[in-house]
$ cat my_file_10.cif   # mmCIF, C-alpha atoms and all ligand atoms
data_upload
loop_
_atom_site.label_atom_id
_atom_site.label_comp_id
_atom_site.auth_asym_id
_atom_site.auth_seq_id
_atom_site.Cartn_x
_atom_site.Cartn_y
_atom_site.Cartn_z
CA MET A 18 -22.66 55.68 39.08
CA ARG A 19 -24.14 58.71 40.76
CA ARG A 20 -22.60 60.31 43.80
CA ASP A 21 -25.75 59.74 45.85
CA ASP A 22 -25.61 56.00 45.08
CA CYS A 23 -29.01 56.12 43.45
CA CYS A 24 -29.56 54.18 40.25
CA SER A 25 -29.96 56.48 37.24
CA CYS A 26 -32.52 54.14 35.70
CA CYS A 27 -34.86 53.24 38.53
CA PHE A 28 -33.73 55.72 41.23
CA SER A 29 -33.56 52.95 43.82
CA ALA A 30 -31.13 53.58 46.64
CA VAL A 31 -28.54 50.97 45.75
CA ASP A 32 -26.35 51.39 42.73
CA SER A 33 -23.71 48.76 41.98
CA VAL A 34 -22.40 46.85 38.99
CA CYS A 35 -24.62 43.96 39.95
CA HIS A 36 -27.65 46.21 40.25
CA ALA A 37 -26.93 47.80 36.87
CA LEU A 38 -26.56 44.47 35.07
CA TRP A 39 -28.93 42.27 36.98
CA THR A 40 -31.37 43.61 39.55
CA CYS A 41 -32.29 46.95 37.99
CA PRO A 42 -35.70 46.82 36.25
CA ALA A 43 -34.05 48.29 33.14
CA ALA A 44 -31.68 45.29 33.01
CA ASN A 45 -34.45 42.87 33.88
CA ASP A 46 -36.51 44.04 30.90
CA VAL A 47 -33.60 43.10 28.65
CA TRP A 48 -33.15 39.67 30.21
CA LEU A 49 -36.87 39.01 29.77
CA GLU A 50 -36.68 40.11 26.14
CA SER A 51 -33.67 37.86 25.49
CA ASN A 52 -35.53 34.55 26.02
CA LEU A 53 -32.52 33.19 27.91
CA ARG A 54 -33.62 30.71 30.56
CA LEU A 55 -32.82 32.87 33.57
CA HIS A 56 -36.09 34.53 34.51
CA LYS A 57 -36.51 32.50 37.67
CA TRP A 58 -32.96 32.90 38.93
CA ASP A 59 -32.31 34.52 42.28
CA ARG A 60 -32.09 38.29 41.87
CA CYS A 61 -30.11 38.55 45.14
CA VAL A 62 -26.61 38.12 43.77
CA ASP A 63 -23.80 39.82 45.71
CA ASN A 64 -21.49 40.77 42.89
CA PHE A 65 -20.97 40.46 39.17
CA CYS A 66 -18.47 37.64 39.55
CA ASP A 67 -21.07 35.53 41.38
CA LEU A 68 -23.54 36.31 38.61
CA LEU A 69 -21.07 35.09 35.97
CA MET A 70 -20.40 31.90 37.92
CA LEU A 71 -24.14 31.34 38.21
CA ALA A 72 -24.56 31.84 34.47
CA ARG A 73 -21.65 29.55 33.63
CA GLY A 74 -23.16 26.80 35.75
CA ARG A 75 -26.60 27.03 34.23
CA LEU A 76 -26.26 28.12 30.61
CA GLY A 77 -24.76 26.37 27.61
CA ASP A 78 -21.78 27.79 25.70
CA GLU A 79 -23.90 29.53 23.05
CA GLU A 80 -26.13 31.04 25.73
CA ILE A 81 -23.12 32.32 27.66
CA GLU A 82 -21.96 34.09 24.52
CA LEU A 83 -25.31 35.84 24.23
CA PHE A 84 -25.37 36.51 27.98
CA SER A 85 -22.03 38.32 27.73
CA CYS A 86 -23.11 40.41 24.74
CA LEU A 87 -26.35 41.33 26.52
CA ALA A 88 -24.46 42.42 29.65
CA TYR A 89 -22.20 44.58 27.47
CA PHE A 90 -25.14 46.33 25.82
CA ILE A 91 -27.10 46.70 29.08
CA TRP A 92 -24.10 48.69 30.32
CA ASP A 93 -24.01 50.63 27.05
CA GLN A 94 -27.73 51.42 27.37
CA ARG A 95 -27.08 52.74 30.86
CA ASN A 96 -24.24 54.97 29.63
CA LYS A 97 -26.48 56.36 26.90
CA LEU A 98 -29.22 57.02 29.46
CA VAL A 99 -26.86 58.91 31.77
CA HIS A 100 -24.83 60.81 29.19
CA GLU A 101 -27.24 61.24 26.27
CA GLY A 102 -30.61 61.02 27.98
CA SER A 103 -31.73 58.10 25.77
CA ALA A 104 -34.71 56.07 26.95
CA PRO A 105 -34.16 52.37 27.77
CA ASN A 106 -34.95 50.10 24.83
CA PRO A 107 -34.79 46.41 25.77
CA VAL A 108 -35.70 45.24 22.26
CA GLY A 109 -32.89 47.34 20.79
CA VAL A 110 -30.40 46.03 23.36
CA VAL A 111 -31.24 42.41 22.51
CA ARG A 112 -31.04 43.15 18.78
CA ARG A 113 -27.61 44.76 19.12
CA ALA A 114 -26.35 41.90 21.30
CA ARG A 115 -27.53 39.26 18.81
CA SER A 116 -26.08 41.25 15.94
CA LEU A 117 -22.67 41.54 17.64
CA LEU A 118 -22.66 37.82 18.32
CA GLN A 119 -23.66 37.04 14.75
CA SER A 120 -20.88 39.18 13.27
CA PHE A 121 -18.39 37.61 15.65
CA LYS A 122 -19.41 34.14 14.52
CA LEU A 123 -19.31 35.11 10.86
CA SER A 124 -15.73 36.22 11.32
CA LEU A 125 -14.75 32.79 12.63
CA PRO A 126 -14.66 29.81 10.27
CA GLN A 127 -15.43 27.61 13.21
CA VAL A 128 -17.20 24.28 13.51
CA GLY A 129 -20.53 24.35 15.25
CA HIS A 130 -21.35 27.95 14.61
CA ILE A 131 -24.41 27.99 12.44
CA ASP A 132 -25.40 31.08 10.61
CA ARG A 133 -28.83 30.80 9.26
CA VAL A 134 -29.42 33.22 6.46
CA GLU A 135 -32.97 33.58 5.26
CA ALA A 136 -33.32 33.61 1.52
CA GLN A 137 -33.94 37.21 0.59
CA GLN A 138 -37.47 37.90 -0.47
CA SER A 139 -36.90 40.27 -3.32
CA ALA A 140 -39.11 43.34 -3.34
CA GLN A 141 -39.09 43.25 -7.13
CA GLY A 142 -40.50 39.75 -7.27
CA ASP A 143 -39.25 36.24 -7.83
CA ALA A 144 -37.51 37.07 -11.10
CA ASP A 145 -34.64 38.55 -9.12
CA LEU A 146 -34.05 35.43 -7.08
CA ARG A 147 -31.05 33.72 -8.56
CA TRP A 148 -28.85 30.94 -7.35
CA GLU A 149 -25.99 32.54 -5.51
CA ALA A 150 -22.51 31.09 -5.73
CA PRO A 151 -20.65 30.40 -2.47
CA LYS A 152 -17.41 32.14 -1.55
CA ALA A 153 -14.18 30.85 -3.11
CA GLY A 154 -13.09 27.72 -1.29
CA GLU A 155 -16.63 26.90 -0.23
CA TYR A 156 -19.23 24.70 -1.86
CA LYS A 157 -22.96 25.24 -2.14
CA VAL A 158 -24.95 22.10 -1.37
CA ASN A 159 -28.51 22.46 -2.66
CA TRP A 160 -31.09 19.82 -1.84
CA GLU A 161 -34.80 19.25 -2.36
CA VAL A 162 -37.33 16.48 -1.78
CA CYS A 163 -40.37 15.23 -3.65
CA LYS A 164 -42.83 12.42 -3.25
CA ASP A 165 -43.60 9.93 -5.99
CA SER A 166 -47.38 9.75 -5.92
CA GLY A 167 -47.45 6.26 -7.46
CA SER A 168 -45.26 4.55 -4.86
CA ASN A 169 -45.56 7.12 -2.02
CA VAL A 170 -41.75 7.03 -1.81
CA TRP A 171 -39.90 10.29 -1.06
CA TYR A 172 -36.79 11.13 -3.09
CA VAL A 173 -34.02 13.62 -2.45
CA GLY A 174 -31.94 15.48 -5.02
CA VAL A 175 -28.58 16.99 -4.00
CA LEU A 176 -26.38 19.22 -6.13
CA ILE A 177 -22.92 20.44 -5.06
CA ARG A 178 -21.43 23.43 -6.88
CA ASN A 179 -18.28 25.49 -6.42
CA HIS A 180 -17.79 29.24 -6.25
CA VAL A 181 -18.06 29.68 -10.02
CA GLY A 182 -21.14 27.49 -10.28
CA GLY A 183 -19.23 24.46 -11.55
CA VAL A 184 -20.97 21.17 -10.75
CA MET A 185 -18.87 19.02 -8.42
CA ALA A 186 -21.34 16.21 -7.84
CA CYS A 187 -25.01 15.37 -7.65
CA LEU A 188 -27.15 12.69 -6.10
CA CYS A 189 -30.63 11.30 -6.55
CA SER A 190 -31.76 8.88 -3.88
CA PRO A 191 -34.84 7.53 -2.13
CA VAL A 192 -35.08 9.19 1.31
CA MET A 193 -34.17 6.78 4.09
CA ALA A 194 -37.10 5.27 5.92
CA LEU A 195 -37.77 7.25 9.09
CA PRO A 196 -40.13 6.42 11.97
CA ARG A 197 -43.76 7.35 11.35
CA GLY A 198 -44.64 11.00 11.77
CA LEU A 199 -41.14 12.33 11.06
CA ASN A 200 -40.82 14.87 8.29
CA PRO A 201 -38.97 13.28 5.31
CA ARG A 202 -37.05 16.56 5.01
CA VAL A 203 -35.05 15.52 8.08
CA GLY A 204 -33.97 12.31 6.35
CA ALA A 205 -33.31 14.18 3.08
CA CYS A 206 -31.19 16.75 4.89
CA ILE A 207 -29.12 13.95 6.42
CA HIS A 208 -28.62 12.48 2.90
CA ALA A 209 -27.35 15.85 1.68
CA LEU A 210 -24.96 16.26 4.63
CA LYS A 211 -23.64 12.69 4.36
CA PHE A 212 -23.15 13.03 0.59
CA ALA A 213 -21.06 16.19 1.01
CA LEU A 214 -19.02 14.64 3.85
CA GLU A 215 -18.35 11.41 1.97
CA LEU A 216 -17.02 13.35 -1.02
CA GLY A 217 -14.81 15.47 1.24
CA PHE A 218 -16.60 18.81 0.88
CA LEU A 219 -16.04 20.18 4.37
CA ASP A 220 -16.65 23.89 3.80
CA ILE A 221 -20.22 24.18 2.69
CA CYS A 222 -23.28 26.33 2.51
CA LEU A 223 -26.36 24.13 2.76
CA GLU A 224 -29.39 25.41 0.92
CA GLY A 225 -32.70 23.62 0.94
CA PRO A 226 -36.21 23.57 2.36
CA HIS A 227 -36.84 24.70 5.90
CA VAL A 228 -36.07 22.06 8.53
CA ASN A 229 -37.09 22.72 12.13
CA SER A 230 -34.12 20.92 13.60
CA LEU A 231 -31.74 23.35 11.88
CA GLU A 232 -33.10 26.30 13.84
CA VAL A 233 -30.44 28.10 15.79
CA GLY A 234 -30.96 27.38 19.45
CA SER A 235 -32.95 24.20 18.93
CA SER A 236 -32.83 22.39 22.21
CA PHE A 237 -32.23 18.68 22.27
CA GLN A 238 -33.85 17.04 25.19
CA THR A 239 -33.78 13.68 23.39
CA GLU A 240 -37.18 12.90 24.77
CA SER A 241 -38.89 12.00 21.54
CA ILE A 242 -37.88 10.13 18.40
CA ALA A 243 -37.97 13.44 16.52
CA ASP A 244 -35.49 14.97 19.00
CA MET A 245 -33.11 12.07 18.43
CA TRP A 246 -33.20 12.57 14.67
CA ASN A 247 -32.76 16.31 15.02
CA GLU A 248 -29.69 15.63 17.11
CA GLU A 249 -28.45 13.28 14.40
CA VAL A 250 -28.55 16.17 11.92
CA TRP A 251 -26.46 18.27 14.27
CA VAL A 252 -23.92 15.50 14.75
CA PHE A 253 -23.29 15.55 11.00
CA ILE A 254 -23.07 19.33 10.92
CA GLN A 255 -20.33 19.29 13.57
CA ARG A 256 -18.11 17.33 11.18
CA PHE A 257 -17.81 20.21 8.71
CA HIS A 258 -14.98 22.74 9.00
CA HIS A 259 -17.23 25.57 7.97
CA PHE A 260 -20.97 25.38 7.76
CA THR A 261 -23.55 27.97 6.84
CA MET A 262 -27.11 27.63 5.76
CA SER A 263 -29.73 29.40 3.75
CA SER A 264 -33.28 28.46 2.97
CA SER A 265 -34.20 28.19 -0.65
CA THR A 266 -37.14 29.10 -2.79
CA ASP A 267 -38.68 26.77 -5.37
CA LYS A 268 -37.14 28.80 -8.14
CA VAL A 269 -33.61 28.78 -6.82
CA ASN A 270 -33.78 25.07 -6.18
CA ARG A 271 -35.48 23.87 -9.36
CA GLU A 272 -32.46 21.83 -10.48
CA THR A 273 -32.42 19.85 -7.25
CA LEU A 274 -36.17 19.37 -7.42
CA GLY A 275 -35.64 18.04 -10.94
CA LEU A 276 -33.02 15.64 -9.59
CA ALA A 277 -35.39 14.41 -6.87
CA GLN A 278 -38.12 13.91 -9.48
CA LEU A 279 -35.82 11.57 -11.44
CA GLY A 280 -35.87 9.24 -8.43
CA PRO A 281 -38.55 6.81 -9.59
CA SER A 282 -36.65 6.15 -12.85
CA PHE A 283 -33.69 4.60 -11.00
CA VAL A 284 -33.33 1.62 -8.75
CA GLY A 285 -31.74 2.89 -5.52
CA SER A 286 -29.36 5.86 -5.45
CA ARG A 287 -27.50 7.45 -8.37
CA VAL A 288 -24.42 9.65 -8.12
CA TRP A 289 -22.89 11.86 -10.83
CA ILE A 290 -19.41 13.33 -10.42
CA GLU A 291 -18.64 16.64 -12.14
CA GLU A 292 -21.68 16.29 -14.36
CA VAL A 293 -25.47 16.35 -14.17
CA PRO A 294 -28.01 14.17 -15.95
CA SER A 295 -29.13 15.72 -19.26
CA GLN A 296 -32.67 16.32 -17.94
CA ILE A 297 -31.21 18.64 -15.29
CA LEU A 298 -28.85 20.47 -17.61
CA ARG A 299 -31.71 22.33 -19.30
CA LEU A 300 -32.98 23.57 -15.92
CA MET A 301 -29.68 25.23 -15.06
ZN ZN B 401 -31.82 50.55 38.83
#
$ encode --input "my_file_10.cif" --output "structure tokens"
Amino acid sequence: MRRDDCCSCCFSAVDSVCHALWTCPAANDVWLESNLRLHKWDRCVDNFCDLLMLARGRLGDEEIELFSCLAYFIWDQRNKLVHEGSAPNPVGVVRRARSLLQSFKLSLPQVGHIDRVEAQQSAQGDADLRWEAPKAGEYKVNWEVCKDSGSNVWYVGVLIRNHVGGVMACLCSPVMALPRGLNPRVGACIHALKFALELGFLDICLEGPHVNSLEVGSSFQTESIADMWNEEVWVFIQRFHHFTMSSSTDKVNRETLGLAQLGPSFVGSRVWIEEVPSQILRLM
């Protein structure tokens, strides 16, 4: 704070903790950039404690975590402006806040914290994309769907492997019938989650095609049928002790695609424990 009580960012006459973190245009730019639902909140808040109470009443737990990290880095940005002459950078503040939160979550093997890791697009091309084993004590659950053009039935293939790539179990099953218009991937993803839960694999990394409902920060207003099914996916995810996710490429997931493609040759679901069907073995 300056001796003349002027804000170092906007030079307005009032400088206070609440101004620095909330009403100052430099702070406001960060809040706008963050996409938190607080743009229309009253900017006339008396003190920081009131601001926190306001946030706690209106934001969910995950949003509060981000809110706190953002406040921390807004303050940090201000320090850098005063002491190092750095220009405000709202995009950088939001990136650092999200990154801090992400590392914090990664350090906690906690239920409900989802870390979505994009499959790395290798600069050298697809040849470098290999199936990656999970950490010791965790299991990789790969899944894939395909549609049988003859019957129009969708099938899911699920393959669970341990940290040395050993096959623990696999499944080939028709995808459950979902209401019209719903992406069969949602049903297939539920099959994969249920399969892992039923076999007692509670520390998993789920790897499969992109599913919208697995986006971090998906909001569930349960207004549509799709919202209800998305919520269903999240209910299953909460039952794991440790859950991470990565999206796959066709190449990485060819064994599970092969499993799904076996679907039409069976009646109903098939499960293999600690082995894979011979047709899949040559794909591995
Ligand atoms: Zn200011």
$ residues_around --input "my_file_10.cif" --residues "His180 (chain A)" --least-positions-apart "5" --cutoff "6 Å" --atoms "all atoms listed in the file" --output "MDAnalysis selection string"
chainID A and resid 150:153
$ residues_around --input "my_file_10.cif" --residues "Ala88 (chain A)" --least-positions-apart "6" --cutoff "12 Å" --atoms "all atoms listed in the file" --output "list of chain:residue names"
A:Val34, A:Cys35, A:His36, A:Ala37, A:Leu38, A:Trp39, A:Ala43, A:Ala44, A:Asn45, A:Val47, A:Trp48, A:Ser51, A:Phe65, A:Leu68, A:Leu69, A:Ala72, A:Ile81, A:Glu82, A:Gln94, A:Arg95, A:Pro107, A:Val110, A:Val111, A:Arg113, A:Ala114, A:Arg115
$ residues_near_ligand --input "my_file_10.cif" --ligand "ligand ZN 401 (chain B)" --cutoff "8 Å" --atoms "only C-alpha atoms and all ligand atoms" --output "list in words"
Cys23, Cys24, Ser25, Cys26, Cys27, Phe28, Ser29, Val31, Asp32, His36, Ala37, Thr40, Cys41, Pro42, Ala43 and Ala44 of chain A
$ closest_residue --input "my_file_10.cif" --among "A:His56, A:His208, A:His259, A:His227" --to "Ser286 (chain A)" --atoms "only C-alpha atoms"
A:His208
$ atom_distance --input "my_file_10.cif" --atom1 "CA of Arg299 (chain A)" --atom2 "CA of Ser263 (chain A)"
24.2 Å
$ atom_distance --input "my_file_10.cif" --atom1 "CA of Phe257 (chain A)" --atom2 "CA of Asn200 (chain A)"
23.6 Å
$ axis_aligned_box --input "my_file_10.cif" --around "region 105-117 of chain A" --padding-each-side "6 Å" --output "AutoDock Vina command-line options"
--center_x -29.2 --center_y 45.8 --center_z 21.9 --size_x 25.0 --size_y 25.1 --size_z 23.8
$ residues_around --input "my_file_10.cif" --residues "Val184 (chain A)" --least-positions-apart "5" --cutoff "7 Å" --atoms "all atoms listed in the file" --output "list in words"
Ile177, Arg178, Asn179, Glu291 and Glu292 of chain A
$ write_last_selection --input "my_file_10.cif" --atoms "C-alpha atoms" --output "mmCIF file, keeping the file's coordinate frame"
data_model
loop_
_atom_site.group_PDB
_atom_site.id
_atom_site.type_symbol
_atom_site.label_atom_id
_atom_site.label_comp_id
_atom_site.auth_asym_id
_atom_site.auth_seq_id
_atom_site.Cartn_x
_atom_site.Cartn_y
_atom_site.Cartn_z
ATOM 1 C CA ILE A 177 -22.920 20.440 -5.060
ATOM 2 C CA ARG A 178 -21.430 23.430 -6.880
ATOM 3 C CA ASN A 179 -18.280 25.490 -6.420
ATOM 4 C CA GLU A 291 -18.640 16.640 -12.140
ATOM 5 C CA GLU A 292 -21.680 16.290 -14.360
#
$ atom_distance --input "my_file_10.cif" --atom1 "CA of Cys187 (chain A)" --atom2 "CA of Gly275 (chain A)"
11.4 Å
$ closest_residue --input "my_file_10.cif" --among "A:Pro226, A:Gly109, A:Gly285, A:Gly77" --to "Glu50 (chain A)" --atoms "only C-alpha atoms"
A:Gly109
$ residues_around --input "my_file_10.cif" --residues "Leu117 (chain A)" --least-positions-apart "3" --cutoff "10 Å" --atoms "only C-alpha atoms" --output "list in words"
Leu83, Cys86, Leu87, Phe90, Val111, Arg112, Arg113, Ala114, Ser120, Phe121, Lys122 and Leu123 of chain A
$ closest_residue --input "my_file_10.cif" --among "A:Val228, A:Val192, A:Leu55, A:Val284" --to "Gly74 (chain A)" --atoms "all atoms listed in the file"
A:Leu55
$ residues_around --input "my_file_10.cif" --residues "Val175 (chain A)" --least-positions-apart "3" --cutoff "12 Å" --atoms "all atoms listed in the file" --output "ChimeraX atom specification"
/A:157-163,172,178,184-192,205-213,223-226,270-280,286-290,293,297
$ closest_residue --input "my_file_10.cif" --among "A:Gly204, A:Leu176, A:Glu79, A:Gln296" --to "Gln119 (chain A)" --atoms "all atoms listed in the file"
A:Glu79
$ build_atoms --input "my_file_10.cif" --residues "region 183-214 of chain A" --atoms "N, CA and C atoms" --output "CSV table (one decimal), in the frame of the given file"
chain,number,residue,atom,x,y,z
A,183,GLY,N,-19.6,25.7,-10.9
A,183,GLY,CA,-19.2,24.5,-11.6
A,183,GLY,C,-19.8,23.3,-10.7
A,184,VAL,N,-20.4,22.3,-11.4
A,184,VAL,CA,-21.0,21.2,-10.8
A,184,VAL,C,-19.9,20.2,-10.3
A,185,MET,N,-19.8,19.9,-9.0
A,185,MET,CA,-18.9,19.0,-8.4
A,185,MET,C,-19.5,17.6,-8.4
A,186,ALA,N,-20.7,17.5,-8.0
A,186,ALA,CA,-21.3,16.2,-7.8
A,186,ALA,C,-22.8,16.4,-7.6
A,187,CYS,N,-23.6,15.4,-8.0
A,187,CYS,CA,-25.0,15.4,-7.6
A,187,CYS,C,-25.5,14.0,-7.3
A,188,LEU,N,-26.6,14.0,-6.6
A,188,LEU,CA,-27.2,12.7,-6.1
A,188,LEU,C,-28.7,12.7,-6.3
A,189,CYS,N,-29.2,11.5,-6.6
A,189,CYS,CA,-30.6,11.3,-6.6
A,189,CYS,C,-30.8,10.0,-5.8
A,190,SER,N,-31.6,10.1,-4.7
A,190,SER,CA,-31.8,8.9,-3.9
A,190,SER,C,-33.1,8.8,-3.2
A,191,PRO,N,-33.6,7.6,-3.0
A,191,PRO,CA,-34.8,7.5,-2.1
A,191,PRO,C,-34.5,8.0,-0.7
A,192,VAL,N,-35.4,8.7,-0.1
A,192,VAL,CA,-35.1,9.2,1.3
A,192,VAL,C,-35.2,8.0,2.2
A,193,MET,N,-34.2,7.9,3.1
A,193,MET,CA,-34.2,6.8,4.1
A,193,MET,C,-35.5,6.7,4.8
A,194,ALA,N,-35.9,5.5,5.2
A,194,ALA,CA,-37.1,5.3,5.9
A,194,ALA,C,-36.9,5.8,7.3
A,195,LEU,N,-37.8,6.7,7.7
A,195,LEU,CA,-37.8,7.2,9.1
A,195,LEU,C,-39.0,6.8,9.9
A,196,PRO,N,-38.9,6.8,11.2
A,196,PRO,CA,-40.1,6.4,12.0
A,196,PRO,C,-41.3,7.3,11.6
A,197,ARG,N,-42.5,6.7,11.7
A,197,ARG,CA,-43.8,7.4,11.4
A,197,ARG,C,-43.9,8.7,12.0
A,198,GLY,N,-44.4,9.7,11.2
A,198,GLY,CA,-44.6,11.0,11.8
A,198,GLY,C,-43.5,12.0,11.6
A,199,LEU,N,-42.3,11.4,11.2
A,199,LEU,CA,-41.1,12.3,11.1
A,199,LEU,C,-41.2,12.9,9.7
A,200,ASN,N,-40.8,14.2,9.6
A,200,ASN,CA,-40.8,14.9,8.3
A,200,ASN,C,-39.7,14.3,7.4
A,201,PRO,N,-40.0,13.8,6.2
A,201,PRO,CA,-39.0,13.3,5.3
A,201,PRO,C,-37.8,14.3,5.0
A,202,ARG,N,-38.1,15.6,5.2
A,202,ARG,CA,-37.0,16.6,5.0
A,202,ARG,C,-35.9,16.3,5.9
A,203,VAL,N,-36.1,15.8,7.1
A,203,VAL,CA,-35.0,15.5,8.1
A,203,VAL,C,-34.1,14.5,7.5
A,204,GLY,N,-34.7,13.4,7.0
A,204,GLY,CA,-34.0,12.3,6.4
A,204,GLY,C,-33.2,12.8,5.1
A,205,ALA,N,-33.9,13.6,4.3
A,205,ALA,CA,-33.3,14.2,3.1
A,205,ALA,C,-32.1,15.1,3.4
A,206,CYS,N,-32.3,15.9,4.5
A,206,CYS,CA,-31.2,16.8,4.9
A,206,CYS,C,-30.0,15.9,5.3
A,207,ILE,N,-30.2,14.8,6.0
A,207,ILE,CA,-29.1,14.0,6.4
A,207,ILE,C,-28.4,13.4,5.2
A,208,HIS,N,-29.2,13.0,4.2
A,208,HIS,CA,-28.6,12.5,2.9
A,208,HIS,C,-27.7,13.5,2.3
A,209,ALA,N,-28.1,14.8,2.3
A,209,ALA,CA,-27.4,15.8,1.7
A,209,ALA,C,-26.0,16.0,2.5
A,210,LEU,N,-26.2,16.1,3.8
A,210,LEU,CA,-25.0,16.3,4.6
A,210,LEU,C,-24.0,15.1,4.5
A,211,LYS,N,-24.5,13.9,4.5
A,211,LYS,CA,-23.6,12.7,4.4
A,211,LYS,C,-22.9,12.7,3.0
A,212,PHE,N,-23.7,13.0,2.0
A,212,PHE,CA,-23.2,13.0,0.6
A,212,PHE,C,-22.0,14.0,0.5
A,213,ALA,N,-22.1,15.2,1.0
A,213,ALA,CA,-21.1,16.2,1.0
A,213,ALA,C,-19.9,15.7,1.8
A,214,LEU,N,-20.1,15.1,3.0
A,214,LEU,CA,-19.0,14.6,3.8
A,214,LEU,C,-18.3,13.5,3.2
